[in-house]
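Beneath this line is the structure, given in structure tokens, with notes to follow.
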Amino acid sequence: MSTKKTAVVVAVDGTGRSAGALKYAAHHAWTSDSHLRIVHVSPDYLPLASYLPYLPRDVESEGRAILRDAQERALVLHPGLRVVTDLLKGSRTDGVLRSATGATLLVVGHETRVGAERLLTGATTAKIAARAQCPVVVVPAAWEPGPATGRVVLGIKSPSHADELMTEAFEIAAARGAALVLLHAWGLPDPYADAIEQRTHADQWIEEGEQMLDRIVEEWREGYPEVPVETRVSHGSPADALVAAGDEADLVLLVRRAHDLMPGHLGGVTRRVLQLSRCPVEILPASSIPVVIPDLVIERSGRLLK
């Protein structure tokens with residue numbers, strides 16, 4: 001059996017940024033009886049050294065040391081876990097995506113680069129999440145496999161393409177033995193109109209949101225009777241609502257929808273949640289159904305969650 005076909009893949013960079021990702025991936029591989037594939041991508045240039053020249057063999061040696069250390073830490077957490085390593089060279093994004101071909105899950109660390117470093121290296125996490133063909137989990141560096149809260153949060157923007165989304169969400173919640181929290185946030189882009197709408201029609205917005213969530217989830221309640229379901233409708237920024245809900249959850253689920261005009265693109269809500277979330281965020285791959293223009297009208301009307 002090919003390890004690549006059944007692997008949980010985790011990217012490590014030799015810093016604390018990927019510590020939580022390694023722990024999460026090892027835990028998931030162990031509980032799902034999968035292989036763990038640890039990937040490190042070394043640069044295809046020679047780093048500048050202050051006193052001595054940095055040679056190609058030094059780059060390779062450092063990369064292998066990073067993988068060896070990550071493998072040892074994974075085995076300390078879960079002795080007997082099947083672990084393979086993969087040392088690549090070149091673009092971090094392209095290398096990680098190649099190594100994750102056929103994987104069941106790809107785990108990466110939370111993006112923490114800022115300023116000049118971010119401009120030079122690019123937002124690797126966002127690029128990977130935007131282009132991966134399998135689900136991607138972005139994990140904060142400080143994540144620990146502690147006691148579970150028993151909640152998985154799913155952001156719902158509209159009923160569009162809900163079938164595929166709900167099936168994945170219920171499967172994940174059922175596998176974890178967790179409750180599924182469906183979250184919908186509403187708000188208008190114009191602050192004055194939003195303030196008036198909140199003062200005069202907030203109850204109506206909440207009622208309509210709750211009715212939408214109840215319609216979406218109705219048939220899945222019967223198919224997954226073991227999964228408790230909670231629906232929440234809140235006013236304000238969808239990203240802020242998801243981040244706040246994630247503080248009381250084990251996982252936040254988002255869907256990367258297909259964009260005809262912008263392939264490999266993450267929406268603004270997804271990018272902001274990845275930046276701010278203090279719990280792991282799983283991004284489900286894009287549907288084969290492209291976004292159509294009428295769906296964009298819903299976004300302008302204030303139902304902003306995706």
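Identifiers in this document derive from the order of the structure tokens: chains are assigned A, B, ..., residues are numbered from 1 separately in each chain, and ligands are numbered from 1 in order of occurrence.
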Run DSSP on the backbone and grab whatever in stretch 69-247 of chain A lands in strand (DSSP E or B); send it over as a ChimeraX atom specification.
-> /A:83-89,105-109,136-139,151-155,179-186,229-235
Run DSSP on the backbone and give me the residues of stretch 131-283 of chain A it puts in helix (DSSP H, G or I), as a PyMOL selection string.
-> chain A and resi 131+162-176+191-223+238-246+268-276
In Å, how far is it from atom CA of A:Gly246 to atom CA of A:Glu226?
->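 Interatomic distance, atom CA of A:Gly246 to atom CA of A:Glu226: 21.8 Å.
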From the list A:Pro79, A:Pro159, A:Gly90, A:Pro228, which residue is nearest A:Gln211 when using only C-alpha atoms?
-> A:Pro159
Which is closest to A:Thr85 among A:Arg131, A:Thr124, A:His35, A:Ala103, if we use only C-alpha atoms?
->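 Closest to A:Thr85 of all the choices is A:His35.
Shortest separation to A:Trp30 among A:Asp94, A:Ala70, A:Leu77, A:Ala179 occurs at residue A:Leu77, atoms counted being only C-alpha atoms.
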Within 9 Å of A:Arg82 using only C-alpha atoms, minus same-chain residues under 6 positions, as a PyMOL selection string = chain A and resi 3+29-30+33-37+75
Shell of 8 Å around A:Gly267, only C-alpha atoms, local chain residues under 3 positions omitted, as a list in words =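 Once the adjacent positions are removed, what remains is Arg256, Thr270 and Arg271 of chain A.
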Go ahead and save the residues from that selection, with C-alpha atoms, as a CSV table (one decimal), in the first residue's frame.
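After the write, result39.csv holds the following:
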chain,number,residue,atom,x,y,z
A,256,ARG,CA,-13.1,27.3,-0.2
A,270,THR,CA,-11.4,33.0,5.2
A,271,ARG,CA,-8.1,35.0,5.1
Within 8 Å of A:Val227, counting only C-alpha atoms, which residues qualify if same-chain residues fewer than 3 places away don't, as a ChimeraX atom specification?
-> /A:170,173-174,177-180,221,224
Resulting file, chosen residues, all heavy atoms, as a PDB file, in the first residue's frame:
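Below you can see part.pdb, which holds the result:
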ATOM      1  N   PHE A 170     -21.031  17.086   8.804  1.00  0.00           N
ATOM      2  CA  PHE A 170     -21.588  16.059   9.688  1.00  0.00           C
ATOM      3  C   PHE A 170     -20.643  14.871   9.822  1.00  0.00           C
ATOM      4  O   PHE A 170     -20.544  14.270  10.902  1.00  0.00           O
ATOM      5  CB  PHE A 170     -22.959  15.614   9.183  1.00  0.00           C
ATOM      6  CG  PHE A 170     -24.092  16.422   9.750  1.00  0.00           C
ATOM      7  CD1 PHE A 170     -24.606  17.503   9.067  1.00  0.00           C
ATOM      8  CD2 PHE A 170     -24.637  16.104  10.983  1.00  0.00           C
ATOM      9  CE1 PHE A 170     -25.636  18.259   9.586  1.00  0.00           C
ATOM     10  CE2 PHE A 170     -25.673  16.839  11.523  1.00  0.00           C
ATOM     11  CZ  PHE A 170     -26.173  17.931  10.829  1.00  0.00           C
ATOM     12  N   ALA A 173     -17.957  15.987  12.330  1.00  0.00           N
ATOM     13  CA  ALA A 173     -18.488  16.032  13.695  1.00  0.00           C
ATOM     14  C   ALA A 173     -18.751  14.628  14.233  1.00  0.00           C
ATOM     15  O   ALA A 173     -18.442  14.328  15.397  1.00  0.00           O
ATOM     16  CB  ALA A 173     -19.768  16.868  13.733  1.00  0.00           C
ATOM     17  N   ALA A 174     -19.288  13.750  13.389  1.00  0.00           N
ATOM     18  CA  ALA A 174     -19.582  12.380  13.829  1.00  0.00           C
ATOM     19  C   ALA A 174     -18.298  11.635  14.174  1.00  0.00           C
ATOM     20  O   ALA A 174     -18.233  10.914  15.179  1.00  0.00           O
ATOM     21  CB  ALA A 174     -20.356  11.636  12.736  1.00  0.00           C
ATOM     22  N   GLY A 177     -17.156  12.715  17.489  1.00  0.00           N
ATOM     23  CA  GLY A 177     -18.109  12.617  18.575  1.00  0.00           C
ATOM     24  C   GLY A 177     -18.486  13.982  19.118  1.00  0.00           C
ATOM     25  O   GLY A 177     -18.705  14.153  20.327  1.00  0.00           O
ATOM     26  N   ALA A 178     -18.555  14.975  18.219  1.00  0.00           N
ATOM     27  CA  ALA A 178     -18.758  16.371  18.618  1.00  0.00           C
ATOM     28  C   ALA A 178     -20.113  16.893  18.162  1.00  0.00           C
ATOM     29  O   ALA A 178     -20.743  16.341  17.258  1.00  0.00           O
ATOM     30  CB  ALA A 178     -17.650  17.243  18.025  1.00  0.00           C
ATOM     31  N   ALA A 179     -20.546  17.975  18.799  1.00  0.00           N
ATOM     32  CA  ALA A 179     -21.719  18.697  18.337  1.00  0.00           C
ATOM     33  C   ALA A 179     -21.327  19.605  17.173  1.00  0.00           C
ATOM     34  O   ALA A 179     -20.186  20.065  17.094  1.00  0.00           O
ATOM     35  CB  ALA A 179     -22.302  19.534  19.477  1.00  0.00           C
ATOM     36  N   LEU A 180     -22.263  19.849  16.282  1.00  0.00           N
ATOM     37  CA  LEU A 180     -22.030  20.728  15.145  1.00  0.00           C
ATOM     38  C   LEU A 180     -22.744  22.055  15.392  1.00  0.00           C
ATOM     39  O   LEU A 180     -23.956  22.087  15.599  1.00  0.00           O
ATOM     40  CB  LEU A 180     -22.551  20.084  13.863  1.00  0.00           C
ATOM     41  CG  LEU A 180     -22.322  20.863  12.562  1.00  0.00           C
ATOM     42  CD1 LEU A 180     -20.834  21.067  12.307  1.00  0.00           C
ATOM     43  CD2 LEU A 180     -22.959  20.125  11.378  1.00  0.00           C
ATOM     44  N   ARG A 221     -30.244  16.073  10.116  1.00  0.00           N
ATOM     45  CA  ARG A 221     -30.539  15.673  11.495  1.00  0.00           C
ATOM     46  C   ARG A 221     -30.984  14.212  11.535  1.00  0.00           C
ATOM     47  O   ARG A 221     -30.640  13.471  12.457  1.00  0.00           O
ATOM     48  CB  ARG A 221     -31.641  16.560  12.083  1.00  0.00           C
ATOM     49  CG  ARG A 221     -31.226  17.990  12.385  1.00  0.00           C
ATOM     50  CD  ARG A 221     -32.387  18.721  13.036  1.00  0.00           C
ATOM     51  NE  ARG A 221     -32.185  20.148  13.145  1.00  0.00           N
ATOM     52  CZ  ARG A 221     -31.644  20.749  14.200  1.00  0.00           C
ATOM     53  NH1 ARG A 221     -31.235  20.015  15.219  1.00  0.00           N
ATOM     54  NH2 ARG A 221     -31.512  22.061  14.228  1.00  0.00           N
ATOM     55  N   TYR A 224     -27.905  11.847  10.681  1.00  0.00           N
ATOM     56  CA  TYR A 224     -26.858  11.795  11.710  1.00  0.00           C
ATOM     57  C   TYR A 224     -27.481  12.077  13.073  1.00  0.00           C
ATOM     58  O   TYR A 224     -27.184  13.094  13.713  1.00  0.00           O
ATOM     59  CB  TYR A 224     -25.762  12.821  11.418  1.00  0.00           C
ATOM     60  CG  TYR A 224     -24.984  12.548  10.153  1.00  0.00           C
ATOM     61  CD1 TYR A 224     -25.440  13.011   8.920  1.00  0.00           C
ATOM     62  CD2 TYR A 224     -23.789  11.836  10.188  1.00  0.00           C
ATOM     63  CE1 TYR A 224     -24.730  12.765   7.752  1.00  0.00           C
ATOM     64  CE2 TYR A 224     -23.075  11.592   9.030  1.00  0.00           C
ATOM     65  CZ  TYR A 224     -23.555  12.058   7.818  1.00  0.00           C
ATOM     66  OH  TYR A 224     -22.844  11.815   6.665  1.00  0.00           O
TER      67      TYR A 224
END
Given the choices A:Val107, A:Leu97, A:Leu266, A:Val138, which gets closest to A:Ala11 if the distance is worked out from only C-alpha atoms?
->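 Closest candidate: A:Val107.
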Within 8 Å of A:Ala241, counting only C-alpha atoms, which residues qualify if same-chain residues fewer than 5 places away don't, as a ChimeraX atom specification?
-> /A:185,234,236
